[in-house]
$ cat my_file.cif   # mmCIF, C-alpha atoms
data_input
#
loop_
_atom_site.label_atom_id
_atom_site.label_comp_id
_atom_site.auth_asym_id
_atom_site.auth_seq_id
_atom_site.Cartn_x
_atom_site.Cartn_y
_atom_site.Cartn_z
CA MET A 31 16.67 -4.25 38.30
CA LYS A 32 13.37 -3.62 40.15
CA GLN A 33 13.98 0.12 40.05
CA ALA A 34 14.67 0.01 36.32
CA ILE A 35 11.48 -1.93 35.66
CA LEU A 36 9.49 0.45 37.89
CA LEU A 37 10.87 3.48 36.04
CA LEU A 38 9.99 1.87 32.73
CA THR A 39 6.46 1.08 33.91
CA LEU A 40 5.92 4.65 35.14
CA THR A 41 7.24 6.04 31.87
CA PHE A 42 4.89 3.94 29.78
CA SER A 43 1.97 4.61 32.16
CA GLY A 44 2.49 8.32 31.61
CA LEU A 45 2.46 7.80 27.87
CA ASN A 46 -0.76 5.85 28.15
CA LEU A 47 -2.35 8.76 30.02
CA ALA A 48 -1.09 11.16 27.37
CA ALA A 49 -2.73 9.04 24.69
CA GLN A 50 -6.17 9.67 26.17
CA VAL A 51 -8.25 12.52 24.80
CA PHE A 52 -7.77 15.78 26.68
CA PRO A 53 -10.05 18.81 26.38
CA ALA A 54 -9.27 21.45 23.78
CA GLU A 55 -7.72 24.66 25.05
CA GLN A 56 -10.51 26.96 26.17
CA THR A 57 -10.72 30.66 25.43
CA ALA A 58 -10.28 32.52 28.73
CA LEU A 59 -13.21 34.89 29.32
CA PHE A 60 -13.39 37.88 31.65
CA TRP A 61 -16.39 40.20 31.94
CA GLY A 62 -15.58 43.90 32.39
CA PRO A 63 -17.39 46.52 34.50
CA SER A 64 -18.99 48.21 31.46
CA GLY A 65 -20.35 45.00 29.94
CA GLU A 66 -17.30 44.43 27.74
CA LEU A 67 -15.93 40.93 27.28
CA TYR A 68 -12.19 40.12 27.32
CA CYS A 69 -11.32 36.98 25.31
CA ARG A 70 -7.77 35.72 25.78
CA GLN A 71 -6.18 33.14 23.50
CA GLY A 72 -2.45 32.67 23.88
CA HIS A 73 -0.76 36.07 23.99
CA GLU A 74 -3.65 38.03 22.54
CA VAL A 75 -6.72 39.56 24.14
CA ARG A 76 -9.70 40.54 22.02
CA VAL A 77 -12.08 42.98 23.70
CA GLU A 78 -15.70 42.77 22.54
CA ALA A 79 -17.73 45.86 23.39
CA PRO A 80 -21.47 46.18 24.04
CA PRO A 81 -23.43 48.33 21.57
CA ALA A 82 -23.50 51.23 24.04
CA ARG A 83 -19.68 51.35 24.30
CA PRO A 84 -18.28 50.61 20.81
CA SER A 85 -15.01 52.43 21.57
CA LEU A 86 -14.01 49.62 23.94
CA THR A 87 -13.47 47.20 21.04
CA ARG A 88 -9.79 46.49 20.47
CA MET A 89 -7.08 43.82 20.14
CA ILE A 90 -4.27 43.70 22.68
CA LYS A 91 -0.89 42.00 22.15
CA LEU A 92 0.54 40.65 25.41
CA PRO A 93 4.23 40.38 26.35
CA SER A 94 5.51 36.93 25.45
CA ASP A 95 7.09 36.35 28.87
CA LEU A 96 3.86 36.81 30.82
CA GLU A 97 1.86 33.83 32.10
CA THR A 98 -1.64 33.52 33.55
CA VAL A 99 -2.83 36.85 32.18
CA HIS A 100 -6.28 37.69 33.53
CA VAL A 101 -8.60 40.62 34.17
CA GLU A 102 -9.79 41.48 37.67
CA GLY A 103 -10.98 44.69 39.31
CA GLY A 104 -10.60 46.66 36.09
CA TRP A 105 -6.90 45.74 35.74
CA PHE A 106 -4.92 43.30 33.66
CA TRP A 107 -2.79 40.96 35.79
CA GLY A 108 -0.03 38.53 34.88
CA ASN A 109 2.77 36.36 36.27
CA ARG A 110 6.42 36.43 35.26
CA ARG A 111 8.86 33.72 36.35
CA VAL A 112 12.32 35.07 37.10
CA ARG A 113 15.37 32.91 37.85
CA LYS A 114 17.88 34.44 40.20
CA PRO A 115 21.16 33.15 41.72
CA GLY A 116 19.32 32.19 44.90
CA GLY A 117 16.44 30.45 43.16
CA GLN A 118 13.22 31.43 41.45
CA GLU A 119 10.57 34.03 42.10
CA ILE A 120 7.17 34.60 40.55
CA GLN A 121 6.46 38.25 39.97
CA VAL A 122 2.93 39.64 39.87
CA LEU A 123 2.48 42.49 37.39
CA ARG A 124 -0.44 44.79 36.68
CA SER A 125 -1.49 46.92 33.72
CA ALA A 126 -4.24 49.42 33.02
CA ASP A 127 -4.24 48.83 29.26
CA GLY A 128 -2.54 45.46 28.68
CA ALA A 129 0.48 47.15 27.08
CA HIS A 130 2.31 48.87 29.94
CA TRP A 131 3.04 46.60 32.88
CA HIS A 132 4.20 47.43 36.40
CA PHE A 133 5.62 45.26 39.17
CA VAL A 134 3.27 44.73 42.15
CA ALA A 135 4.61 41.90 44.27
CA ARG A 136 6.65 38.70 44.22
CA TRP A 137 6.42 35.16 45.54
CA VAL A 138 9.80 33.63 46.36
CA VAL A 139 9.79 29.90 45.61
CA GLY A 140 11.24 27.83 48.45
CA PRO A 141 10.84 24.59 50.44
CA ARG A 142 7.47 25.61 51.89
CA GLN A 143 6.57 28.03 49.10
CA PRO A 144 5.98 26.05 45.89
CA GLY A 145 6.00 27.30 42.35
CA CYS A 146 2.45 28.32 41.51
CA ARG A 147 0.00 30.31 39.42
CA ILE A 148 -1.11 33.54 41.12
CA LEU A 149 -4.51 35.13 40.46
CA ALA A 150 -5.74 38.49 41.72
CA MET A 151 -8.75 38.19 44.05
CA GLY A 152 -9.95 41.39 45.69
CA ALA A 153 -7.37 42.59 48.20
CA HIS A 154 -5.59 39.22 48.12
CA PHE A 155 -4.36 36.62 45.63
CA LEU A 156 -5.37 33.03 44.96
CA ALA A 157 -2.52 30.62 44.21
CA THR A 158 -2.59 27.07 42.83
CA ALA A 159 0.47 24.81 42.94
CA THR A 160 1.06 22.32 40.14
CA MET A 161 3.24 19.74 41.90
CA ALA A 162 4.14 20.58 45.52
CA THR A 163 1.88 21.89 48.29
CA PHE A 164 1.59 25.03 50.35
CA GLN A 165 2.49 24.37 53.97
CA ASP A 166 1.06 25.90 57.14
CA GLY A 167 2.25 24.04 60.21
CA ASN A 168 1.13 20.43 59.82
CA GLN A 169 -1.48 21.34 57.21
CA SER A 170 -0.98 21.41 53.44
CA SER A 171 -2.97 22.16 50.31
CA ARG A 172 -2.51 22.68 46.58
CA VAL A 173 -4.45 25.97 46.82
CA ALA A 174 -3.85 28.96 49.09
CA VAL A 175 -4.70 32.61 49.59
CA LEU A 176 -1.69 34.94 49.54
CA THR A 177 -1.50 38.48 50.82
CA GLN A 178 0.97 41.32 50.47
CA GLY A 179 2.51 42.96 53.51
CA ARG A 180 4.31 46.29 53.60
CA GLY A 181 7.11 45.12 51.32
CA ASN A 182 7.12 43.44 47.93
CA ASP A 183 6.91 39.85 49.15
CA LEU A 184 3.69 37.86 49.16
CA ARG A 185 3.06 35.65 52.17
CA LEU A 186 0.68 32.84 52.96
CA LYS A 187 -2.59 34.05 54.48
CA ARG A 188 -4.47 30.77 54.63
CA LEU A 189 -4.78 27.37 52.99
CA ILE A 190 -7.85 26.45 50.96
CA ASP A 191 -9.37 23.17 52.08
CA LEU A 192 -10.34 21.24 48.96
CA GLY A 193 -12.53 18.94 51.04
CA PRO A 194 -11.86 15.23 50.57
CA LYS A 195 -8.97 13.57 52.36
CA GLU A 196 -7.89 12.13 49.02
CA GLY A 197 -6.96 15.53 47.63
CA PRO A 198 -5.43 16.13 44.19
CA GLN A 199 -2.24 14.16 43.62
CA GLY A 200 0.38 14.28 40.88
CA ILE A 201 0.13 17.16 38.42
CA PHE A 202 -2.70 19.53 39.42
CA VAL A 203 -3.58 22.12 36.78
CA PRO A 204 -7.29 22.87 37.15
CA TRP A 205 -9.03 25.32 34.89
CA ALA A 206 -9.37 28.68 36.65
CA LEU A 207 -12.49 30.62 35.67
CA ALA A 208 -13.18 34.17 36.78
CA LEU A 209 -16.20 34.87 38.96
CA PRO A 210 -17.40 38.38 39.89
CA ASP A 211 -15.78 38.09 43.33
CA GLY A 212 -13.37 35.20 43.02
CA TRP A 213 -12.53 32.10 41.03
CA ALA A 214 -13.82 28.66 40.14
CA LEU A 215 -11.37 25.77 39.87
CA VAL A 216 -12.39 22.87 37.63
CA HIS A 217 -10.77 19.42 37.68
CA PHE A 218 -11.76 18.41 34.15
CA ARG A 219 -10.68 14.78 34.51
CA THR A 220 -12.96 13.94 37.48
CA GLY A 221 -15.67 16.62 37.44
CA HIS A 222 -14.79 18.11 40.84
CA LEU A 223 -15.16 21.89 41.11
CA TRP A 224 -14.51 24.51 43.78
CA THR A 225 -15.61 28.13 44.00
CA ILE A 226 -13.42 30.45 46.07
CA ARG A 227 -14.83 33.93 46.66
CA ALA A 228 -13.59 36.97 48.56
CA LEU A 229 -16.64 38.28 50.42
CA GLY A 230 -15.34 41.27 52.34
CA ASP A 231 -12.85 39.95 54.87
CA ARG A 232 -14.21 36.43 54.52
CA ILE A 233 -13.01 33.77 52.05
CA GLN A 234 -15.83 31.43 51.07
CA THR A 235 -14.97 28.01 49.62
CA ARG A 236 -17.59 25.64 48.24
CA PRO A 237 -16.92 22.20 46.72
CA TYR A 238 -19.05 20.68 43.97
CA LYS A 239 -19.07 17.37 42.17
CA VAL A 240 -20.77 16.87 38.82
CA PHE A 241 -21.18 13.11 39.20
CA ASP A 242 -22.10 11.55 42.55
CA LYS A 243 -20.74 8.12 41.58
CA VAL A 244 -17.24 9.42 40.84
CA PRO A 245 -15.52 8.94 44.22
CA ASP A 246 -13.34 11.59 45.79
CA ARG A 247 -10.40 9.18 45.64
CA ALA A 248 -10.42 9.77 41.88
CA LEU A 249 -8.60 13.04 42.65
CA ALA A 250 -5.54 10.94 43.46
CA GLY A 251 -5.31 10.21 39.73
CA ASN A 252 -5.19 6.43 40.00
CA MET A 253 -8.64 5.58 38.60
CA PRO A 254 -9.21 4.70 34.92
CA LEU A 255 -11.66 7.52 34.20
CA ASP A 256 -12.61 8.97 30.87
CA LEU A 257 -12.63 12.73 30.51
CA ALA A 258 -15.48 14.32 32.51
CA VAL A 259 -15.61 18.04 31.64
CA LEU A 260 -15.26 19.16 28.03
CA GLY A 261 -15.79 22.88 28.55
CA CYS A 262 -16.71 25.50 31.13
CA GLN A 263 -17.24 29.25 30.78
CA PRO A 264 -18.47 32.13 32.95
CA GLY A 265 -21.62 33.81 31.66
CA PRO A 266 -22.58 37.49 31.88
CA THR A 267 -24.56 36.93 35.09
CA GLY A 268 -21.64 35.29 36.90
CA ASP A 269 -22.99 31.75 36.57
CA LEU A 270 -20.87 28.99 35.00
CA LEU A 271 -22.03 26.98 32.00
CA ILE A 272 -20.49 23.50 31.98
CA ALA A 273 -20.45 20.80 29.30
CA THR A 274 -19.64 17.20 30.29
CA ARG A 275 -19.70 13.62 29.14
CA SER A 276 -22.26 11.32 30.77
CA GLU A 277 -21.55 9.63 34.09
CA ASP A 278 -21.45 6.24 32.36
CA ALA A 279 -18.90 7.54 29.85
CA VAL A 280 -16.65 8.80 32.63
CA LEU A 281 -16.84 5.63 34.74
CA LYS A 282 -17.09 2.96 32.04
CA GLY A 283 -15.43 4.48 28.97
CA ARG A 284 -11.88 3.26 29.69
CA ALA A 285 -13.02 -0.29 30.48
CA PHE A 286 -15.11 -0.37 27.29
CA ALA A 287 -12.13 0.88 25.27
CA LYS A 288 -9.90 -1.88 26.65
CA SER A 289 -12.55 -4.51 25.90
CA VAL A 290 -12.47 -3.37 22.27
CA SER A 291 -8.67 -3.04 22.14
CA PRO A 292 -6.93 -5.08 24.88
CA GLU A 293 -3.53 -3.74 23.81
CA LEU A 294 -4.59 -0.21 24.82
CA GLY A 295 -2.77 0.82 27.97
CA GLN A 296 -0.72 -2.36 28.25
CA PRO A 297 2.80 -1.70 29.58
CA GLY A 298 5.61 -1.73 27.05
CA TRP A 299 8.99 -3.36 27.59
CA VAL A 300 12.60 -2.40 27.02
CA ASP A 301 15.61 -4.36 28.24
CA PRO A 302 16.22 -2.89 31.75
CA GLU A 303 19.97 -3.15 31.12
CA LEU A 304 19.60 -0.35 28.58
CA LEU A 305 18.31 1.97 31.29
CA LYS A 306 21.57 1.49 33.20
CA ASP A 307 23.74 1.98 30.15
CA PRO A 308 24.86 5.64 29.92
CA SER A 309 26.07 5.36 26.32
CA PRO A 310 24.44 7.55 23.65
CA GLN A 311 23.46 4.45 21.69
CA ALA A 312 21.54 2.99 24.64
CA ARG A 313 19.80 6.30 25.38
CA GLU A 314 18.77 6.58 21.74
CA THR A 315 17.40 3.03 21.77
CA VAL A 316 15.28 3.78 24.85
CA ARG A 317 14.10 7.08 23.35
CA ARG A 318 12.98 5.35 20.19
CA ALA A 319 11.21 2.61 22.15
CA VAL A 320 9.31 5.15 24.24
CA GLU A 321 8.45 7.16 21.12
CA ALA A 322 7.22 4.05 19.29
CA TYR A 323 5.13 3.01 22.28
CA GLY A 324 3.52 6.43 22.50
CA LYS A 325 2.78 6.47 18.77
CA ARG A 326 1.23 3.02 18.93
CA GLN A 327 -0.95 3.98 21.90
CA ASP A 328 -2.12 7.10 20.06
CA GLU A 329 -3.05 4.97 17.04
CA LEU A 330 -4.99 2.54 19.23
CA GLN A 331 -6.75 5.41 20.99
CA ASP A 332 -7.80 7.04 17.72
CA ALA A 333 -9.10 3.69 16.46
CA VAL A 334 -11.12 2.81 19.54
CA GLU A 335 -12.47 6.24 20.55
CA PRO A 336 -15.18 6.37 17.83
CA LYS A 337 -16.57 3.11 19.22
CA VAL A 338 -16.54 4.56 22.74
CA LEU A 339 -18.45 7.57 21.43
CA GLU A 340 -20.99 5.29 19.78
CA ALA A 341 -21.57 3.61 23.14
CA PHE A 342 -21.58 6.85 25.17
CA PRO A 343 -22.53 9.75 22.86
CA GLU A 344 -24.34 11.98 25.36
CA LEU A 345 -23.25 15.58 25.96
CA LEU A 346 -24.69 17.06 29.14
CA TRP A 347 -25.04 20.73 30.13
CA TRP A 348 -24.97 22.17 33.64
CA GLU A 349 -25.32 25.55 35.36
CA LEU A 350 -23.43 26.46 38.52
CA ASP A 351 -24.63 29.46 40.54
CA PRO A 352 -21.75 30.47 42.85
CA ARG A 353 -23.92 32.85 44.88
CA GLU A 354 -26.56 30.25 45.73
CA GLY A 355 -24.10 27.37 45.75
CA THR A 356 -26.17 25.25 43.36
CA LEU A 357 -25.18 22.96 40.49
CA ARG A 358 -27.98 21.63 38.29
CA ARG A 359 -28.56 20.00 34.92
CA CYS A 360 -29.98 22.24 32.22
CA GLU A 361 -31.20 21.94 28.65
CA PRO A 362 -28.61 22.50 25.90
CA PRO A 363 -28.38 26.23 25.11
CA ALA A 364 -29.62 27.45 21.74
CA GLY A 365 -27.32 26.12 19.03
CA ALA A 366 -25.50 23.71 21.38
CA PRO A 367 -25.41 19.94 20.71
CA SER A 368 -26.63 17.18 23.00
CA ARG A 369 -24.47 14.45 21.46
CA ILE A 370 -20.82 14.12 20.43
CA GLY A 371 -20.85 13.18 16.79
CA SER A 372 -17.23 12.24 16.12
CA LEU A 373 -13.72 11.99 17.51
CA GLU A 374 -12.84 15.24 15.73
CA VAL A 375 -15.70 17.01 17.51
CA LEU A 376 -14.55 15.61 20.85
CA LYS A 377 -10.94 16.70 20.35
CA SER A 378 -11.85 20.23 19.25
CA PHE A 379 -14.88 20.80 21.46
CA ARG A 380 -15.08 24.24 23.01
CA PHE A 381 -17.47 27.14 23.34
CA ARG A 382 -17.64 30.66 24.70
CA PHE A 383 -20.10 33.45 25.20
CA ARG A 384 -20.43 36.49 22.97
CA VAL A 385 -20.66 39.94 24.52
CA ASP A 386 -24.47 39.82 24.07
CA GLY A 387 -24.65 36.66 26.21
CA SER A 388 -25.34 34.26 23.32
CA LEU A 389 -23.31 31.09 22.92
CA LEU A 390 -20.67 30.58 20.24
CA MET A 391 -19.64 26.97 19.57
CA GLY A 392 -16.19 26.04 18.30
CA GLU A 393 -14.27 29.03 19.70
#
$ encode --input "my_file.cif" --output "structure tokens"
Amino acid sequence: MKQAILLLTLTFSGLNLAAQVFPAEQTALFWGPSGELYCRQGHEVRVEAPPARPSLTRMIKLPSDLETVHVEGGWFWGNRRVRKPGGQEIQVLRSADGAHWHFVARWVVGPRQPGCRILAMGAHFLATATMATFQDGNQSSRVAVLTQGRGNDLRLKRLIDLGPKEGPQGIFVPWALALPDGWALVHFRTGHLWTIRALGDRIQTRPYKVFDKVPDRALAGNMPLDLAVLGCQPGPTGDLLIATRSEDAVLKGRAFAKSVSPELGQPGWVDPELLKDPSPQARETVRRAVEAYGKRQDELQDAVEPKVLEAFPELLWWELDPREGTLRRCEPPAGAPSRIGSLEVLKSFRFRFRVDGSLLMGE
């Protein structure tokens, strides 16, 4: 009985989290060596060319089975998950033009080698694991540097220390943004960031935190925080431009929402006996109950969020310089807002740079 109730509570807790506003999908940007800008959305890459190189402009259709497509070192890179009789492997592929792809290496998923996203980084690869951890002796981390030996297999080179003892827990899918010599990882829920750069033979890792009052234990995912980071993009100089809510919105937004709508986030209930009943009728009853709970929570969220925005409307802008290791507040760029005007704006908020370095809102 206790296990059934616990399962039910966890299920409804997950639905409550899903009901919260998440950031809109960002356009992935990659700056090329000739000043061109690669803009990836889904399985398409639009290349914007500088005035001096108009022939670089083009649209590229990507293979539908490729994941994590990115541009690094003048090459297109992507991941392909392949299931084999012995398990699963993640293949790393490379392309000169985005149309013709060639196998480079593979990561065999196993007990100490979790499923992950693999990003090219100089002579090595950066990998981030969604659920499990990379293991090296008694040490573990969600992020690691992989290297390729003489064969096709990738192997662990070193773990990346994310800093606080209360490292990311649960599902960990940070935004990965390309830097000139590495990557930035952004935990949009808490406002923690890390830059990981390949500087010759040395791997440099620097942690950042947008808000000092958001504790590191928030990475464990058990604090009632409102969304911290709404958008983040690499600029033409290699700096990151970041848009966030205010610190008060992040720390106090959920409590304010519950004061307006006490039903928001309250656990639902289904007869635990139904969870033990394997019949199709019982399963359908539980499915409908979970679906109804999720729908109700979404309705409550949509009703209360405008009031939260009225209380905490500020939109803050930041610049991160990965070379100097600095993160500072900045004025809103030309054409960028300083307040969030509506729930629709919050849900669809995103921005990117144009090839000339100017900012484009809403794309």
$ resolve_selection --input "my_file.cif" --expression "the PyMOL selection byres ((chain A and resi 223-234) around 10)" --output "ChimeraX atom specification"
/A:151-156,175,188,190-193,204-218,220-222,235-240,350-353,355
$ closest_residue --input "my_file.cif" --among "A:Leu345, A:Ile120, A:Val316, A:Leu86" --to "Glu303 of chain A" --atoms "only C-alpha atoms"
A:Val316
$ atom_distance --input "my_file.cif" --atom1 "atom CA of Ser291 of chain A" --atom2 "atom CA of Arg317 of chain A"
24.9 Å
$ resolve_selection --input "my_file.cif" --expression "the PyMOL selection byres ((chain A and resi 386) around 9)" --output "count of residues only"
10
$ resolve_selection --input "my_file.cif" --expression "the PyMOL selection byres ((chain A and resi 111) around 10)" --output "mmCIF file with C-alpha atoms, keeping the file's coordinate frame"
data_model
loop_
_atom_site.group_PDB
_atom_site.id
_atom_site.type_symbol
_atom_site.label_atom_id
_atom_site.label_comp_id
_atom_site.auth_asym_id
_atom_site.auth_seq_id
_atom_site.Cartn_x
_atom_site.Cartn_y
_atom_site.Cartn_z
ATOM 1 C CA ASP A 95 7.090 36.350 28.870
ATOM 2 C CA LEU A 96 3.860 36.810 30.820
ATOM 3 C CA GLU A 97 1.860 33.830 32.100
ATOM 4 C CA ASN A 109 2.770 36.360 36.270
ATOM 5 C CA ARG A 110 6.420 36.430 35.260
ATOM 6 C CA VAL A 112 12.320 35.070 37.100
ATOM 7 C CA ARG A 113 15.370 32.910 37.850
ATOM 8 C CA LYS A 114 17.880 34.440 40.200
ATOM 9 C CA GLN A 118 13.220 31.430 41.450
ATOM 10 C CA GLU A 119 10.570 34.030 42.100
ATOM 11 C CA ILE A 120 7.170 34.600 40.550
ATOM 12 C CA GLN A 121 6.460 38.250 39.970
ATOM 13 C CA VAL A 122 2.930 39.640 39.870
ATOM 14 C CA ARG A 136 6.650 38.700 44.220
ATOM 15 C CA TRP A 137 6.420 35.160 45.540
ATOM 16 C CA GLY A 145 6.000 27.300 42.350
ATOM 17 C CA CYS A 146 2.450 28.320 41.510
ATOM 18 C CA ARG A 147 0.000 30.310 39.420
#
$ closest_residue --input "my_file.cif" --among "A:Val375, A:Leu271, A:Val300, A:Ala287" --to "Pro362 of chain A" --atoms "all atoms listed in the file"
A:Leu271
$ axis_aligned_box --input "my_file.cif" --around "segment 161-173 of chain A" --padding-each-side "6 Å" --output "JSON"
{"center_x": -0.2, "center_y": 22.9, "center_z": 51.1, "size_x": 20.6, "size_y": 18.2, "size_z": 30.3}
$ closest_residue --input "my_file.cif" --among "A:Ala273, A:Ser64, A:Leu176, A:Arg318" --to "Arg359 of chain A" --atoms "all atoms listed in the file"
A:Ala273
$ atom_distance --input "my_file.cif" --atom1 "atom CA of Leu123 of chain A" --atom2 "atom CA of Gln263 of chain A"
24.7 Å
$ closest_residue --input "my_file.cif" --among "A:Ala159, A:Leu339, A:Val173, A:Ala150" --to "Lys377 of chain A" --atoms "all atoms listed in the file"
A:Leu339
$ closest_residue --input "my_file.cif" --among "A:Ala82, A:Val334, A:Ala364, A:Ala285" --to "Glu66 of chain A" --atoms "all atoms listed in the file"
A:Ala82
$ residues_around --input "my_file.cif" --residues "Glu74 of chain A" --least-positions-apart "5" --cutoff "7 Å" --atoms "only C-alpha atoms" --output "PyMOL selection string"
chain A and resi 90-92
$ residues_around --input "my_file.cif" --residues "segment 241-253 of chain A" --least-positions-apart "6" --cutoff "10 Å" --atoms "all atoms listed in the file" --output "number ranges by chain"
A: 193-202, 217, 219-222, 274, 276-278, 280-281, 284
$ write_last_selection --input "my_file.cif" --atoms "C-alpha atoms" --output "compact mmCIF listing (two decimals), keeping the file's coordinate frame"
# COMPACT_ATOMS: atom_id res chain seq x y z
CA GLY A 193 -12.53 18.94 51.04
CA PRO A 194 -11.86 15.23 50.57
CA LYS A 195 -8.97 13.57 52.36
CA GLU A 196 -7.89 12.13 49.02
CA GLY A 197 -6.96 15.53 47.63
CA PRO A 198 -5.43 16.13 44.19
CA GLN A 199 -2.24 14.16 43.62
CA GLY A 200 0.38 14.28 40.88
CA ILE A 201 0.13 17.16 38.42
CA PHE A 202 -2.70 19.53 39.42
CA HIS A 217 -10.77 19.42 37.68
CA ARG A 219 -10.68 14.78 34.51
CA THR A 220 -12.96 13.94 37.48
CA GLY A 221 -15.67 16.62 37.44
CA HIS A 222 -14.79 18.11 40.84
CA THR A 274 -19.64 17.20 30.29
CA SER A 276 -22.26 11.32 30.77
CA GLU A 277 -21.55 9.63 34.09
CA ASP A 278 -21.45 6.24 32.36
CA VAL A 280 -16.65 8.80 32.63
CA LEU A 281 -16.84 5.63 34.74
CA ARG A 284 -11.88 3.26 29.69
$ atom_distance --input "my_file.cif" --atom1 "atom CA of Arg382 of chain A" --atom2 "atom CA of Phe52 of chain A"
18.0 Å
$ residues_near_point --input "my_file.cif" --point "(-15.6, 6.9, 21.5)" --cutoff "12 Å" --atoms "all atoms listed in the file" --output "VMD selection string"
chain A and resid 50 to 51 256 to 257 275 279 to 280 282 to 288 290 330 to 344 369 to 377
$ closest_residue --input "my_file.cif" --among "A:Pro93, A:Gly298, A:Pro53, A:Pro310" --to "Gly128 of chain A" --atoms "only C-alpha atoms"
A:Pro93
